[in-house]
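Structure data follow from model_5.cif (mmCIF, C-alpha atoms):
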data_structure
loop_
_atom_site.group_PDB
_atom_site.id
_atom_site.type_symbol
_atom_site.label_atom_id
_atom_site.label_comp_id
_atom_site.auth_asym_id
_atom_site.auth_seq_id
_atom_site.Cartn_x
_atom_site.Cartn_y
_atom_site.Cartn_z
ATOM 1 C CA TYR A 1 -11.253 -70.983 53.818
ATOM 2 C CA ILE A 2 -12.309 -67.429 54.567
ATOM 3 C CA PRO A 3 -10.146 -66.086 57.424
ATOM 4 C CA ASN A 4 -11.631 -62.599 57.603
ATOM 5 C CA PRO A 5 -15.316 -62.308 56.718
ATOM 6 C CA SER A 6 -15.672 -58.728 57.968
ATOM 7 C CA ILE A 7 -16.277 -57.597 54.402
ATOM 8 C CA ALA A 8 -19.308 -56.737 52.304
ATOM 9 C CA PRO A 9 -21.176 -59.466 50.385
ATOM 10 C CA ILE A 10 -19.538 -58.873 46.974
ATOM 11 C CA PRO A 11 -15.931 -59.094 48.270
ATOM 12 C CA LEU A 12 -16.945 -62.137 50.331
ATOM 13 C CA LEU A 13 -18.350 -63.876 47.258
ATOM 14 C CA LEU A 14 -15.239 -62.900 45.308
ATOM 15 C CA ALA A 15 -13.130 -64.506 48.049
ATOM 16 C CA VAL A 16 -15.181 -67.710 47.803
ATOM 17 C CA ALA A 17 -14.835 -67.641 44.012
ATOM 18 C CA GLU A 18 -11.078 -67.193 44.312
ATOM 19 C CA GLU A 19 -10.839 -70.133 46.725
ATOM 20 C CA LEU A 20 -12.712 -72.186 44.115
ATOM 21 C CA GLY A 21 -10.141 -71.217 41.481
ATOM 22 C CA LEU A 22 -12.301 -68.697 39.630
ATOM 23 C CA LYS A 23 -10.872 -65.429 38.347
ATOM 24 C CA LEU A 24 -13.754 -62.973 38.390
ATOM 25 C CA GLU A 25 -13.975 -59.217 38.116
ATOM 26 C CA ALA A 26 -14.893 -57.056 41.110
ATOM 27 C CA ASP A 27 -17.579 -55.272 39.077
ATOM 28 C CA GLU A 28 -19.725 -58.419 38.762
ATOM 29 C CA SER A 29 -23.180 -58.258 40.320
ATOM 30 C CA GLN A 30 -24.022 -60.510 43.255
ATOM 31 C CA PHE A 31 -26.344 -62.463 40.961
ATOM 32 C CA GLN A 32 -23.546 -63.050 38.425
ATOM 33 C CA LEU A 33 -21.069 -64.043 41.136
ATOM 34 C CA VAL A 34 -23.453 -66.633 42.558
ATOM 35 C CA LYS A 35 -24.106 -67.896 39.019
ATOM 36 C CA HIS A 36 -20.363 -68.375 38.342
ATOM 37 C CA ILE A 37 -19.845 -70.014 41.722
ATOM 38 C CA ASN A 38 -22.806 -72.333 41.088
ATOM 39 C CA ARG A 39 -21.309 -73.431 37.740
ATOM 40 C CA ARG A 40 -17.953 -74.164 39.393
ATOM 41 C CA LEU A 41 -19.628 -76.079 42.210
ATOM 42 C CA LEU A 42 -21.563 -78.171 39.683
ATOM 43 C CA ASP A 43 -18.286 -79.014 37.918
ATOM 44 C CA LEU A 44 -16.666 -80.010 41.211
ATOM 45 C CA SER A 45 -19.717 -82.106 42.105
ATOM 46 C CA LYS A 46 -19.447 -83.962 38.782
ATOM 47 C CA GLU A 47 -15.843 -84.760 39.751
ATOM 48 C CA GLY A 48 -17.171 -86.279 42.974
ATOM 49 C CA LYS A 49 -15.757 -83.514 45.151
ATOM 50 C CA THR A 50 -17.439 -82.100 48.222
ATOM 51 C CA VAL A 51 -16.933 -78.395 48.851
ATOM 52 C CA VAL A 52 -16.830 -77.035 52.382
ATOM 53 C CA CYS A 53 -16.516 -73.297 52.951
ATOM 54 C CA CYS A 54 -14.990 -72.620 56.389
ATOM 55 C CA VAL A 55 -15.541 -69.089 57.662
ATOM 56 C CA ASP A 56 -13.355 -68.148 60.612
ATOM 57 C CA GLU A 57 -14.193 -65.263 62.952
ATOM 58 C CA ALA A 58 -17.738 -65.323 61.539
ATOM 59 C CA GLN A 59 -18.963 -63.028 64.312
ATOM 60 C CA ALA A 60 -17.231 -60.203 62.405
ATOM 61 C CA ALA A 61 -19.264 -60.751 59.226
ATOM 62 C CA PRO A 62 -21.869 -58.084 58.485
ATOM 63 C CA LEU A 63 -25.428 -59.424 58.462
ATOM 64 C CA GLU A 64 -25.598 -58.808 54.685
ATOM 65 C CA SER A 65 -22.556 -61.057 54.217
ATOM 66 C CA LEU A 66 -24.146 -63.776 56.331
ATOM 67 C CA GLU A 67 -27.132 -63.536 54.002
ATOM 68 C CA ALA A 68 -24.794 -63.965 51.001
ATOM 69 C CA LEU A 69 -23.471 -67.144 52.629
ATOM 70 C CA ARG A 70 -27.061 -68.338 53.011
ATOM 71 C CA LEU A 71 -27.575 -67.849 49.278
ATOM 72 C CA LEU A 72 -24.567 -70.070 48.643
ATOM 73 C CA SER A 73 -26.009 -72.710 50.964
ATOM 74 C CA ASN A 74 -29.090 -72.816 48.688
ATOM 75 C CA LEU A 75 -27.027 -74.136 45.779
ATOM 76 C CA GLU A 76 -27.818 -77.794 45.261
ATOM 77 C CA THR A 77 -28.525 -80.554 42.793
ATOM 78 C CA GLU A 78 -31.592 -82.760 43.015
ATOM 79 C CA LYS A 79 -29.685 -85.048 45.386
ATOM 80 C CA HIS A 80 -27.284 -82.986 47.474
ATOM 81 C CA LYS A 81 -25.962 -79.594 48.508
ATOM 82 C CA LEU A 82 -23.167 -78.199 46.358
ATOM 83 C CA ILE A 83 -21.477 -76.385 49.222
ATOM 84 C CA HIS A 84 -21.461 -76.808 52.977
ATOM 85 C CA VAL A 85 -20.808 -73.670 55.004
ATOM 86 C CA VAL A 86 -19.104 -73.966 58.389
ATOM 87 C CA LEU A 87 -19.063 -70.881 60.615
ATOM 88 C CA PHE A 88 -16.511 -70.558 63.418
ATOM 89 C CA GLY A 89 -16.928 -67.643 65.762
ATOM 90 C CA GLN A 90 -16.977 -66.141 69.179
ATOM 91 C CA PRO A 91 -20.196 -65.947 71.275
ATOM 92 C CA GLU A 92 -21.153 -62.748 69.424
ATOM 93 C CA LEU A 93 -21.940 -64.959 66.414
ATOM 94 C CA ASP A 94 -24.951 -66.387 68.270
ATOM 95 C CA ARG A 95 -26.231 -62.863 68.846
ATOM 96 C CA ASN A 96 -25.791 -62.001 65.164
ATOM 97 C CA LEU A 97 -27.566 -65.182 64.081
ATOM 98 C CA SER A 98 -30.530 -64.311 66.289
ATOM 99 C CA ASP A 99 -31.141 -61.153 64.223
ATOM 100 C CA PRO A 100 -34.446 -61.473 62.307
ATOM 101 C CA SER A 101 -32.753 -60.467 59.036
ATOM 102 C CA VAL A 102 -30.735 -63.723 59.001
ATOM 103 C CA ARG A 103 -33.516 -65.954 60.333
ATOM 104 C CA GLN A 104 -33.401 -68.122 57.199
ATOM 105 C CA LEU A 105 -29.676 -68.760 57.677
ATOM 106 C CA GLN A 106 -30.216 -69.732 61.298
ATOM 107 C CA GLN A 107 -32.922 -72.194 60.194
ATOM 108 C CA ARG A 108 -30.397 -73.898 57.898
ATOM 109 C CA ILE A 109 -27.866 -74.563 60.642
ATOM 110 C CA ALA A 110 -27.715 -78.328 60.957
ATOM 111 C CA PHE A 111 -25.170 -78.493 63.772
ATOM 112 C CA HIS A 112 -24.222 -75.972 66.449
ATOM 113 C CA TYR A 113 -21.591 -76.438 69.118
ATOM 114 C CA HIS A 114 -20.524 -74.121 71.898
ATOM 115 C CA LEU A 115 -17.049 -74.893 73.206
ATOM 116 C CA PRO A 116 -17.351 -74.726 76.988
ATOM 117 C CA SER A 117 -14.633 -73.489 79.309
ATOM 118 C CA LEU A 118 -11.939 -76.011 80.144
ATOM 119 C CA HIS A 119 -11.842 -77.848 83.450
ATOM 120 C CA TRP A 120 -8.563 -77.859 85.376
ATOM 121 C CA ASP A 121 -7.313 -81.198 83.963
ATOM 122 C CA GLU A 122 -8.250 -80.123 80.424
ATOM 123 C CA PHE A 123 -6.555 -76.768 81.014
ATOM 124 C CA GLU A 124 -3.296 -78.452 82.084
ATOM 125 C CA HIS A 125 -3.373 -80.672 78.997
ATOM 126 C CA TYR A 126 -4.220 -77.724 76.709
ATOM 127 C CA LEU A 127 -1.386 -75.585 78.103
ATOM 128 C CA SER A 128 1.085 -78.456 77.770
ATOM 129 C CA HIS A 129 -0.139 -79.235 74.243
ATOM 130 C CA ARG A 130 0.188 -75.605 73.103
ATOM 131 C CA LEU A 131 3.746 -75.460 74.431
ATOM 132 C CA LYS A 132 4.676 -78.730 72.665
ATOM 133 C CA ILE A 133 3.231 -77.438 69.377
ATOM 134 C CA ALA A 134 5.374 -74.316 69.822
ATOM 135 C CA GLY A 135 8.431 -76.579 70.124
ATOM 136 C CA HIS A 136 8.940 -76.659 73.913
ATOM 137 C CA HIS A 137 10.029 -80.025 75.287
ATOM 138 C CA GLY A 138 11.952 -79.010 78.409
ATOM 139 C CA MET A 139 11.163 -78.197 81.995
ATOM 140 C CA PRO A 140 7.783 -76.611 82.856
ATOM 141 C CA LEU A 141 7.536 -72.926 81.947
ATOM 142 C CA PHE A 142 4.725 -72.162 84.410
ATOM 143 C CA SER A 143 4.949 -72.702 88.158
ATOM 144 C CA GLN A 144 1.946 -74.456 89.689
ATOM 145 C CA GLY A 145 0.841 -71.145 91.239
ATOM 146 C CA ALA A 146 1.146 -69.292 87.929
ATOM 147 C CA ALA A 147 -0.798 -72.019 86.121
ATOM 148 C CA ARG A 148 -3.564 -71.837 88.744
ATOM 149 C CA ARG A 149 -3.818 -68.058 88.353
ATOM 150 C CA LEU A 150 -3.815 -68.357 84.588
ATOM 151 C CA PHE A 151 -6.656 -70.852 84.867
ATOM 152 C CA LYS A 152 -8.577 -68.630 87.304
ATOM 153 C CA TYR A 153 -8.279 -65.388 85.331
ATOM 154 C CA SER A 154 -8.862 -66.972 81.916
ATOM 155 C CA THR A 155 -11.890 -68.809 83.340
ATOM 156 C CA GLY A 156 -10.721 -71.754 81.231
ATOM 157 C CA VAL A 157 -11.642 -70.094 77.924
ATOM 158 C CA PRO A 158 -9.093 -71.503 75.416
ATOM 159 C CA ARG A 159 -8.686 -68.249 73.495
ATOM 160 C CA LEU A 160 -8.011 -66.343 76.721
ATOM 161 C CA VAL A 161 -5.673 -69.068 78.004
ATOM 162 C CA LYS A 162 -3.615 -68.729 74.825
ATOM 163 C CA ILE A 163 -3.473 -64.923 74.961
ATOM 164 C CA MET A 164 -2.703 -64.729 78.673
ATOM 165 C CA ALA A 165 -0.113 -67.519 78.554
ATOM 166 C CA ASN A 166 1.624 -65.785 75.659
ATOM 167 C CA LYS A 167 1.731 -62.464 77.505
ATOM 168 C CA SER A 168 2.960 -64.197 80.680
ATOM 169 C CA LEU A 169 5.765 -65.905 78.770
ATOM 170 C CA LEU A 170 6.770 -62.616 77.156
ATOM 171 C CA ALA A 171 6.818 -60.869 80.553
ATOM 172 C CA ALA A 172 8.977 -63.617 82.072
ATOM 173 C CA PHE A 173 11.320 -63.496 79.075
ATOM 174 C CA GLY A 174 11.562 -59.698 79.407
ATOM 175 C CA GLU A 175 12.597 -60.136 83.018
ATOM 176 C CA GLY A 176 15.115 -62.818 82.072
ATOM 177 C CA LYS A 177 13.240 -65.491 84.071
ATOM 178 C CA PRO A 178 13.030 -69.098 82.828
ATOM 179 C CA LEU A 179 9.791 -69.743 84.738
ATOM 180 C CA VAL A 180 6.506 -67.863 84.885
ATOM 181 C CA LYS A 181 5.585 -67.323 88.524
ATOM 182 C CA PRO A 182 2.431 -65.830 90.043
#
For this file, write the structure as structure tokens.
Amino acid sequence: YIPNPSIAPIPLLLAVAEELGLKLEADESQFQLVKHINRRLLDLSKEGKTVVCCVDEAQAAPLESLEALRLLSNLETEKHKLIHVVLFGQPELDRNLSDPSVRQLQQRIAFHYHLPSLHWDEFEHYLSHRLKIAGHHGMPLFSQGAARRLFKYSTGVPRLVKIMANKSLLAAFGEGKPLVKP
């Protein structure tokens, strides 16, 4: 799991190596890093393990780092890939992947999904679910009017719903109010 890929290729490969349990030096060349990672992936494959590298906030990765991830995706045996790379990112990731310098990476993408904005019923469920995960099991924290405004101004985008709901709850708490109102 790579939570912050906004780093150069060598540190990114070092992070992957660390996640795989390798202790490598920062002065290794990119070639040597990929070689060590390949050896470790072969060992894990022999153990019957599948390796998935999840990169969060991938839109922040420099194009050179995306290319380094492509090199990792090339690692394979005669029968299967040694590592599967999953990129999670904001819409800016699509723009980055359309850059000609990472064309080969884009060609390797087997599955692409764009999470659409939530509809009202999905929004209500999402808001309720987020509150339950946070430990809330009491009375509603958002009035119907506040929920409708939150839905309108977030346009149903889950990330914006979460941010705006959090700020609304903090504002209500600061005012000593048990309910968020419009």
**Study point:** Close residues, Leu63 of chain A itself excluded, 9 Å, all atoms listed in the file, min 3 positions apart in chain, as a PyMOL selection string
**Key:** chain A and resi 66-68+96-97+99+101-102
**Study point:** Within 8 Å of Gln90 of chain A using all atoms listed in the file, minus same-chain residues under 3 positions, as a ChimeraX atom specification
**Key:** /A:57-59,93
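One distance worth recording is that between atom CA of His136 of chain A and atom CA of Pro178 of chain A, which is 12.4 Å.
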Practice item. Could you tell me which of A:Leu12, A:Ile133, A:Leu150, A:Asn38 comes closest to Ala26 of chain A if we count all atoms listed in the file? Key: A:Leu12
Exercise for review: For each of A:Ile10, A:Val86, A:Leu170, A:Leu71, take the minimum atom-to-atom distance to Tyr113 of chain A, counting all atoms listed in the file, then give the residue where this is smallest.
Suggested key: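 Using all atoms listed in the file, Tyr113 of chain A sits closest to A:Val86.
Taking atom CA of Phe88 of chain A and atom CA of Arg148 of chain A as endpoints, the distance between them is 28.5 Å.
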From the structure just shown, export segment 74-107 of chain A with N, CA, C and O atoms as a PDB file, in the first residue's frame.
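So part_33.pdb came out as:
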ATOM      1  N   ASN A  74       5.519  -4.903 -15.630  1.00  0.00           N
ATOM      2  CA  ASN A  74       6.115  -5.777 -16.646  1.00  0.00           C
ATOM      3  C   ASN A  74       6.640  -7.084 -16.056  1.00  0.00           C
ATOM      4  O   ASN A  74       6.901  -8.031 -16.795  1.00  0.00           O
ATOM      5  N   LEU A  75       6.847  -7.115 -14.743  1.00  0.00           N
ATOM      6  CA  LEU A  75       7.453  -8.280 -14.117  1.00  0.00           C
ATOM      7  C   LEU A  75       6.470  -9.446 -14.132  1.00  0.00           C
ATOM      8  O   LEU A  75       5.356  -9.347 -13.630  1.00  0.00           O
ATOM      9  N   GLU A  76       6.908 -10.549 -14.731  1.00  0.00           N
ATOM     10  CA  GLU A  76       6.015 -11.691 -14.872  1.00  0.00           C
ATOM     11  C   GLU A  76       6.799 -12.979 -15.053  1.00  0.00           C
ATOM     12  O   GLU A  76       7.986 -12.959 -15.382  1.00  0.00           O
ATOM     13  N   THR A  77       6.106 -14.083 -14.837  1.00  0.00           N
ATOM     14  CA  THR A  77       6.655 -15.394 -15.174  1.00  0.00           C
ATOM     15  C   THR A  77       6.081 -15.739 -16.548  1.00  0.00           C
ATOM     16  O   THR A  77       5.404 -14.924 -17.165  1.00  0.00           O
ATOM     17  N   GLU A  78       6.326 -16.957 -16.988  1.00  0.00           N
ATOM     18  CA  GLU A  78       5.768 -17.377 -18.273  1.00  0.00           C
ATOM     19  C   GLU A  78       4.246 -17.465 -18.222  1.00  0.00           C
ATOM     20  O   GLU A  78       3.576 -17.375 -19.240  1.00  0.00           O
ATOM     21  N   LYS A  79       3.701 -17.622 -16.998  1.00  0.00           N
ATOM     22  CA  LYS A  79       2.261 -17.859 -16.871  1.00  0.00           C
ATOM     23  C   LYS A  79       1.455 -16.699 -16.301  1.00  0.00           C
ATOM     24  O   LYS A  79       0.256 -16.599 -16.560  1.00  0.00           O
ATOM     25  N   HIS A  80       2.071 -15.867 -15.488  1.00  0.00           N
ATOM     26  CA  HIS A  80       1.278 -14.806 -14.849  1.00  0.00           C
ATOM     27  C   HIS A  80       2.123 -13.608 -14.419  1.00  0.00           C
ATOM     28  O   HIS A  80       3.342 -13.698 -14.321  1.00  0.00           O
ATOM     29  N   LYS A  81       1.422 -12.518 -14.167  1.00  0.00           N
ATOM     30  CA  LYS A  81       2.061 -11.296 -13.670  1.00  0.00           C
ATOM     31  C   LYS A  81       2.516 -11.535 -12.235  1.00  0.00           C
ATOM     32  O   LYS A  81       1.842 -12.213 -11.457  1.00  0.00           O
ATOM     33  N   LEU A  82       3.633 -10.918 -11.865  1.00  0.00           N
ATOM     34  CA  LEU A  82       4.137 -11.055 -10.505  1.00  0.00           C
ATOM     35  C   LEU A  82       3.529 -10.009  -9.566  1.00  0.00           C
ATOM     36  O   LEU A  82       3.503 -10.206  -8.353  1.00  0.00           O
ATOM     37  N   ILE A  83       3.076  -8.911 -10.148  1.00  0.00           N
ATOM     38  CA  ILE A  83       2.496  -7.851  -9.326  1.00  0.00           C
ATOM     39  C   ILE A  83       1.365  -7.189 -10.118  1.00  0.00           C
ATOM     40  O   ILE A  83       1.472  -6.997 -11.330  1.00  0.00           O
ATOM     41  N   HIS A  84       0.298  -6.903  -9.412  1.00  0.00           N
ATOM     42  CA  HIS A  84      -0.827  -6.180  -9.998  1.00  0.00           C
ATOM     43  C   HIS A  84      -0.839  -4.805  -9.348  1.00  0.00           C
ATOM     44  O   HIS A  84      -0.771  -4.686  -8.130  1.00  0.00           O
ATOM     45  N   VAL A  85      -0.915  -3.777 -10.163  1.00  0.00           N
ATOM     46  CA  VAL A  85      -0.890  -2.403  -9.662  1.00  0.00           C
ATOM     47  C   VAL A  85      -2.298  -1.825  -9.781  1.00  0.00           C
ATOM     48  O   VAL A  85      -2.911  -1.868 -10.847  1.00  0.00           O
ATOM     49  N   VAL A  86      -2.792  -1.306  -8.645  1.00  0.00           N
ATOM     50  CA  VAL A  86      -4.112  -0.686  -8.606  1.00  0.00           C
ATOM     51  C   VAL A  86      -3.915   0.786  -8.247  1.00  0.00           C
ATOM     52  O   VAL A  86      -3.306   1.103  -7.227  1.00  0.00           O
ATOM     53  N   LEU A  87      -4.398   1.663  -9.122  1.00  0.00           N
ATOM     54  CA  LEU A  87      -4.268   3.103  -8.909  1.00  0.00           C
ATOM     55  C   LEU A  87      -5.614   3.675  -8.468  1.00  0.00           C
ATOM     56  O   LEU A  87      -6.623   3.462  -9.141  1.00  0.00           O
ATOM     57  N   PHE A  88      -5.627   4.379  -7.355  1.00  0.00           N
ATOM     58  CA  PHE A  88      -6.813   5.095  -6.900  1.00  0.00           C
ATOM     59  C   PHE A  88      -6.493   6.579  -6.991  1.00  0.00           C
ATOM     60  O   PHE A  88      -5.427   7.004  -6.550  1.00  0.00           O
ATOM     61  N   GLY A  89      -7.385   7.351  -7.568  1.00  0.00           N
ATOM     62  CA  GLY A  89      -7.084   8.768  -7.678  1.00  0.00           C
ATOM     63  C   GLY A  89      -8.286   9.611  -8.033  1.00  0.00           C
ATOM     64  O   GLY A  89      -9.358   9.102  -8.367  1.00  0.00           O
ATOM     65  N   GLN A  90      -8.063  10.874  -7.959  1.00  0.00           N
ATOM     66  CA  GLN A  90      -9.069  11.866  -8.315  1.00  0.00           C
ATOM     67  C   GLN A  90      -9.096  11.998  -9.845  1.00  0.00           C
ATOM     68  O   GLN A  90      -8.244  11.438 -10.534  1.00  0.00           O
ATOM     69  N   PRO A  91     -10.060  12.757 -10.387  1.00  0.00           N
ATOM     70  CA  PRO A  91     -10.165  12.891 -11.856  1.00  0.00           C
ATOM     71  C   PRO A  91      -8.877  13.358 -12.536  1.00  0.00           C
ATOM     72  O   PRO A  91      -8.655  13.034 -13.704  1.00  0.00           O
ATOM     73  N   GLU A  92      -8.014  14.047 -11.813  1.00  0.00           N
ATOM     74  CA  GLU A  92      -6.743  14.496 -12.400  1.00  0.00           C
ATOM     75  C   GLU A  92      -5.880  13.316 -12.851  1.00  0.00           C
ATOM     76  O   GLU A  92      -5.023  13.461 -13.724  1.00  0.00           O
ATOM     77  N   LEU A  93      -6.105  12.139 -12.269  1.00  0.00           N
ATOM     78  CA  LEU A  93      -5.345  10.955 -12.672  1.00  0.00           C
ATOM     79  C   LEU A  93      -5.600  10.633 -14.142  1.00  0.00           C
ATOM     80  O   LEU A  93      -4.668  10.297 -14.873  1.00  0.00           O
ATOM     81  N   ASP A  94      -6.848  10.757 -14.581  1.00  0.00           N
ATOM     82  CA  ASP A  94      -7.161  10.509 -15.996  1.00  0.00           C
ATOM     83  C   ASP A  94      -6.372  11.441 -16.902  1.00  0.00           C
ATOM     84  O   ASP A  94      -5.865  11.027 -17.949  1.00  0.00           O
ATOM     85  N   ARG A  95      -6.269  12.696 -16.496  1.00  0.00           N
ATOM     86  CA  ARG A  95      -5.507  13.668 -17.290  1.00  0.00           C
ATOM     87  C   ARG A  95      -4.031  13.263 -17.334  1.00  0.00           C
ATOM     88  O   ARG A  95      -3.401  13.295 -18.394  1.00  0.00           O
ATOM     89  N   ASN A  96      -3.487  12.860 -16.209  1.00  0.00           N
ATOM     90  CA  ASN A  96      -2.080  12.443 -16.175  1.00  0.00           C
ATOM     91  C   ASN A  96      -1.849  11.202 -17.043  1.00  0.00           C
ATOM     92  O   ASN A  96      -0.832  11.106 -17.732  1.00  0.00           O
ATOM     93  N   LEU A  97      -2.790  10.276 -17.002  1.00  0.00           N
ATOM     94  CA  LEU A  97      -2.635   9.045 -17.786  1.00  0.00           C
ATOM     95  C   LEU A  97      -2.795   9.282 -19.288  1.00  0.00           C
ATOM     96  O   LEU A  97      -2.399   8.445 -20.088  1.00  0.00           O
ATOM     97  N   SER A  98      -3.366  10.416 -19.654  1.00  0.00           N
ATOM     98  CA  SER A  98      -3.495  10.721 -21.084  1.00  0.00           C
ATOM     99  C   SER A  98      -2.225  11.362 -21.648  1.00  0.00           C
ATOM    100  O   SER A  98      -2.124  11.583 -22.855  1.00  0.00           O
ATOM    101  N   ASP A  99      -1.236  11.634 -20.787  1.00  0.00           N
ATOM    102  CA  ASP A  99       0.024  12.204 -21.249  1.00  0.00           C
ATOM    103  C   ASP A  99       0.754  11.165 -22.112  1.00  0.00           C
ATOM    104  O   ASP A  99       0.854   9.996 -21.730  1.00  0.00           O
ATOM    105  N   PRO A 100       1.272  11.579 -23.268  1.00  0.00           N
ATOM    106  CA  PRO A 100       1.962  10.630 -24.158  1.00  0.00           C
ATOM    107  C   PRO A 100       3.131   9.898 -23.497  1.00  0.00           C
ATOM    108  O   PRO A 100       3.443   8.769 -23.886  1.00  0.00           O
ATOM    109  N   SER A 101       3.762  10.500 -22.500  1.00  0.00           N
ATOM    110  CA  SER A 101       4.926   9.850 -21.881  1.00  0.00           C
ATOM    111  C   SER A 101       4.548   8.613 -21.066  1.00  0.00           C
ATOM    112  O   SER A 101       5.418   7.799 -20.751  1.00  0.00           O
ATOM    113  N   VAL A 102       3.278   8.455 -20.712  1.00  0.00           N
ATOM    114  CA  VAL A 102       2.853   7.268 -19.954  1.00  0.00           C
ATOM    115  C   VAL A 102       1.836   6.452 -20.764  1.00  0.00           C
ATOM    116  O   VAL A 102       1.042   5.699 -20.204  1.00  0.00           O
ATOM    117  N   ARG A 103       1.894   6.595 -22.071  1.00  0.00           N
ATOM    118  CA  ARG A 103       0.993   5.886 -22.973  1.00  0.00           C
ATOM    119  C   ARG A 103       1.042   4.373 -22.740  1.00  0.00           C
ATOM    120  O   ARG A 103       0.020   3.700 -22.717  1.00  0.00           O
ATOM    121  N   GLN A 104       2.245   3.835 -22.520  1.00  0.00           N
ATOM    122  CA  GLN A 104       2.371   2.389 -22.334  1.00  0.00           C
ATOM    123  C   GLN A 104       1.688   1.931 -21.046  1.00  0.00           C
ATOM    124  O   GLN A 104       1.125   0.845 -20.993  1.00  0.00           O
ATOM    125  N   LEU A 105       1.731   2.764 -20.007  1.00  0.00           N
ATOM    126  CA  LEU A 105       1.026   2.420 -18.770  1.00  0.00           C
ATOM    127  C   LEU A 105      -0.477   2.416 -19.026  1.00  0.00           C
ATOM    128  O   LEU A 105      -1.183   1.492 -18.620  1.00  0.00           O
ATOM    129  N   GLN A 106      -0.962   3.433 -19.698  1.00  0.00           N
ATOM    130  CA  GLN A 106      -2.395   3.512 -19.976  1.00  0.00           C
ATOM    131  C   GLN A 106      -2.859   2.290 -20.770  1.00  0.00           C
ATOM    132  O   GLN A 106      -3.942   1.765 -20.534  1.00  0.00           O
ATOM    133  N   GLN A 107      -2.034   1.795 -21.676  1.00  0.00           N
ATOM    134  CA  GLN A 107      -2.390   0.630 -22.485  1.00  0.00           C
ATOM    135  C   GLN A 107      -2.476  -0.644 -21.646  1.00  0.00           C
ATOM    136  O   GLN A 107      -3.116  -1.607 -22.048  1.00  0.00           O
TER     137      GLN A 107
END
